[in-house]
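Colleague: Right, I'll just put the structure down here and ask away after.
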Amino acid sequence: MSSFRRLIAGYRFTSETSSGSACEKIFILDGVPGVLWTPEGAAGTRPLILMGHGGGQHKKAPDVLGRARRLVAECGFAVAAVDVPGHGDRPTDEEYDRLATENQARVEAGEDPAPLIAGFPALVARQTVPEWQAALDALQELEYVGAGPVGYWGVSLGCGLGVPFVAAEPRVRAAVLGLGGASASADAAARITVPVEFLVQWDDERVPRAQSLMLFDALASAEKTLHANPGKHGEIPAFEGDSTLRFFTRHLG
């Protein structure tokens with residue numbers, strides 16, 4: 001039986017497509033939907049990058065998809081992403097929906113959005129950290145992924161959930177984080193010692209600059225680099241994608 005249909009520890013692939021240089025496989029792991037990209041015809045062990053999507057997005061959001069395809073085509077890596085609770089193909093969660101509705105109303109009433117934005121990652125990280133670790137366990141069983149080095153990429157919500165994940169997961173050797181603040185993540189950041197590339201938008205309207213700088217300062221990594229660019233929350237310059245590829249190639253091979 002091909003690995004496309006095999007079941008390992010409660011997960012299965014449900015579809016497979018090819019874009020020429022990359023093979024895309026949709027999977028479900030214990031009810032959690034995800035996607036894996038690998039080079040076409042891949043064989044043997046390779047680095048695996050787990051990508052966390054932003055708030056209101058999903059595992060195949062345009063920025064995730066574009067970055068994943070570059071990591072596959074230009075670096076030969078495997079890349080995976082999963083839908084976080086209340087997003088993408090996950091079922092509706094009444095508690096998370098209620099929180100999102102309440103937060104939106106409070107922002108419209110003039111409250112500072114930063115602590116409200118930080119509240120959601122703090123709530124769901126207890127769920128996503130073990131889900132992402134289970135995804136790594138399962139995907140590294142595949143012969144064309146293997147138990148190679150692991151990286152993490154995530155900004156905004158992907159940072160809020162990624163900081164506790166990187167802090168808890170010893171397989172992660174390097175991480176790109178950013179567009180997140182220290183109010184909910186500083187304690188976990190202090191347990192991160194791997195190399196980090198950290199992105200800040202200087203005019204971020206959702207995460208105060210001071211909070212982002214505090215989170216960067218809280219990271220215990222001996223090697224950490226701050227990439228600060230002018231612009232609002234969603235205006236990361238395209239050239240940062242080139243830097244991401246160089247960063248992961250340098251640290252994951």
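How things are named: the first chain in the structure tokens is A, the next is B, and so on; residues count from 1 in each chain; ligands count from 1 in the order shown.
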Wanna dump the segment 64-165 of chain A-segment 21-42 of chain A contacts at 10 Å for me, each residue with its shortest atom pair and the distance in Å to one decimal, counting only C-alpha atoms, ordered by chain and number, as a Markdown table?

Modeller:
| residue | atom | partner | partner_atom | distance |
| --- | --- | --- | --- | --- |
| A:Leu65 | CA | A:Trp37 | CA | 9.2 |
| A:Ala68 | CA | A:Trp37 | CA | 7.1 |
| A:Arg69 | CA | A:Ala22 | CA | 6.7 |
| A:Arg70 | CA | A:Ala22 | CA | 9.2 |
| A:Leu71 | CA | A:Thr38 | CA | 9.2 |
| A:Val72 | CA | A:Pro39 | CA | 5.6 |
| A:Ala73 | CA | A:Ser21 | CA | 5.8 |
| A:Glu74 | CA | A:Ser21 | CA | 9.3 |
| A:Cys75 | CA | A:Pro39 | CA | 9.2 |
| A:Gly76 | CA | A:Pro39 | CA | 6.0 |
| A:Phe77 | CA | A:Thr38 | CA | 6.7 |
| A:Ala78 | CA | A:Thr38 | CA | 4.6 |
| A:Val79 | CA | A:Trp37 | CA | 5.1 |
| A:Ala80 | CA | A:Leu36 | CA | 4.4 |
| A:Ala81 | CA | A:Val35 | CA | 5.5 |
| A:Val82 | CA | A:Gly34 | CA | 3.9 |
| A:Asp83 | CA | A:Pro33 | CA | 6.0 |
| A:Val84 | CA | A:Val32 | CA | 8.2 |
| A:Pro85 | CA | A:Val32 | CA | 8.7 |
| A:Gly88 | CA | A:Pro33 | CA | 8.4 |
| A:Asp89 | CA | A:Pro33 | CA | 6.5 |
| A:Arg90 | CA | A:Val32 | CA | 6.9 |
| A:Pro91 | CA | A:Gly31 | CA | 9.5 |
| A:Glu131 | CA | A:Val32 | CA | 7.8 |
| A:Trp132 | CA | A:Val32 | CA | 9.6 |
| A:Ala134 | CA | A:Leu29 | CA | 8.1 |
| A:Ala135 | CA | A:Leu29 | CA | 7.1 |
| A:Ala138 | CA | A:Leu29 | CA | 8.3 |
| A:Leu139 | CA | A:Leu36 | CA | 8.4 |
| A:Glu143 | CA | A:Ala42 | CA | 9.1 |
| A:Tyr144 | CA | A:Ala42 | CA | 5.6 |
| A:Val145 | CA | A:Thr38 | CA | 8.0 |

Colleague: What does the file look like for those residues with C-alpha atoms, as a tab-separated table (two decimals), in the first residue's frame?

Modeller:
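The file below, again.tsv, is the result:
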chain	number	residue	atom	x	y	z
A	65	LEU	CA	0.98	28.51	0.60
A	68	ALA	CA	5.63	26.67	1.67
A	69	ARG	CA	6.05	26.25	-2.08
A	70	ARG	CA	9.27	28.25	-2.03
A	71	LEU	CA	10.70	26.20	0.85
A	72	VAL	CA	9.88	23.02	-1.06
A	73	ALA	CA	11.01	24.13	-4.51
A	74	GLU	CA	14.12	26.12	-3.57
A	75	CYS	CA	15.32	24.27	-0.45
A	76	GLY	CA	13.98	20.74	-0.87
A	77	PHE	CA	12.28	20.89	2.54
A	78	ALA	CA	8.99	19.37	3.65
A	79	VAL	CA	6.43	21.87	4.99
A	80	ALA	CA	3.27	21.23	7.00
A	81	ALA	CA	0.45	23.36	8.38
A	82	VAL	CA	-2.67	22.53	10.36
A	83	ASP	CA	-5.88	24.44	11.03
A	84	VAL	CA	-5.97	25.81	14.57
A	85	PRO	CA	-9.19	25.50	16.59
A	88	GLY	CA	-10.31	26.52	8.39
A	89	ASP	CA	-11.89	23.09	8.27
A	90	ARG	CA	-12.12	22.73	12.04
A	91	PRO	CA	-15.65	22.52	13.45
A	131	GLU	CA	-1.75	18.74	18.40
A	132	TRP	CA	1.33	20.08	16.59
A	134	ALA	CA	1.37	14.80	17.31
A	135	ALA	CA	1.55	16.09	13.73
A	138	ALA	CA	3.13	11.25	12.47
A	139	LEU	CA	4.76	13.09	9.58
A	143	GLU	CA	10.07	7.81	4.65
A	144	TYR	CA	10.17	10.92	2.45
A	145	VAL	CA	10.16	13.22	5.53

Colleague: Could you give me, as a list in words, the residues within 6 Å of segment 188-202 of chain A, counting only C-alpha atoms and dropping anything in the same chain fewer than 3 positions from it?

Modeller: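 My list of contacting residues is Pro164, Ala167, Arg173, Ala174, Ala175, Val176, Leu177, Gly178, Leu179, Ser185, Ala218, Leu219, Ala220, Ser221, Glu223, Lys224, Thr225, Leu226, His227, Ala228, Asn229, Pro230, Gly231, Lys232 and His233 of chain A.
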
Colleague: As a list of chain:residue names, please: every residue in segment 89-218 of chain A that DSSP puts in strand (DSSP E or B).

Modeller: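 For segment 89-218 of chain A, the strand (DSSP E or B) set is A:Val150, A:Gly151, A:Tyr152, A:Trp153, A:Gly154, A:Val155, A:Val172, A:Arg173, A:Ala174, A:Ala175, A:Val176, A:Leu177, A:Gly178, A:Val196, A:Glu197, A:Phe198, A:Leu199, A:Val200, A:Gln201.
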
Colleague: What is the atom CA of Lys59 of chain A-atom CA of His87 of chain A distance in Å, reported with one decimal?

Modeller: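 Result for atom CA of Lys59 of chain A versus atom CA of His87 of chain A: 8.7 Å, one decimal.
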
Colleague: Rounded to one decimal, what separation in Å do you get between atom CA of Ala222 of chain A and atom CA of Arg250 of chain A?

Modeller: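 Atom-to-atom, atom CA of Ala222 of chain A and atom CA of Arg250 of chain A are spaced 15.6 Å apart.
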
Colleague: As an MDAnalysis selection string, list the residues of segment 68-253 of chain A assigned to helix (DSSP H, G or I) by DSSP on the backbone atoms of this structure.

Modeller: chainID A and resid 68:75 94:108 113:139 157:168 186:189 209:218 239:252

Colleague: My list of candidates is A:Asp63, A:Gly55, A:Leu252, A:Gly160. Which is closest to Pro121 of chain A when distances are computed with only C-alpha atoms?

Modeller: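 The closest residue to Pro121 of chain A is A:Gly160.
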
Colleague: For atom CA of Ser183 of chain A and atom CA of Leu245 of chain A, quote the distance in Å rounded to one decimal.

Modeller: 29.0 Å

Colleague: Identify, on the basis of only C-alpha atoms, every residue whose closest approach to Gly86 of chain A does not exceed 9 Å; exclude the query and any residue fewer than 6 positions from it along the same chain; express the result as JSON, numbers by chain.

Modeller: {"A": [56, 92, 93, 94, 96, 97]}

Colleague: Taking N, CA and C atoms for each residue, export the selection above as a compact mmCIF listing (two decimals), in the first residue's frame.

Modeller:
# COMPACT_ATOMS: atom_id res chain seq x y z
N GLY A 56 -7.99 34.20 11.81
CA GLY A 56 -8.99 34.29 10.76
C GLY A 56 -8.57 33.63 9.47
N THR A 92 -16.92 24.41 14.21
CA THR A 92 -17.16 25.63 14.98
C THR A 92 -17.01 25.34 16.47
N ASP A 93 -16.33 26.23 17.16
CA ASP A 93 -16.15 26.10 18.60
C ASP A 93 -16.88 27.27 19.26
N GLU A 94 -17.90 26.98 20.04
CA GLU A 94 -18.74 28.03 20.61
C GLU A 94 -17.95 28.97 21.52
N TYR A 96 -14.69 29.74 21.42
CA TYR A 96 -13.81 30.62 20.65
C TYR A 96 -14.61 31.64 19.85
N ASP A 97 -15.76 31.24 19.30
CA ASP A 97 -16.60 32.18 18.57
C ASP A 97 -17.11 33.29 19.49
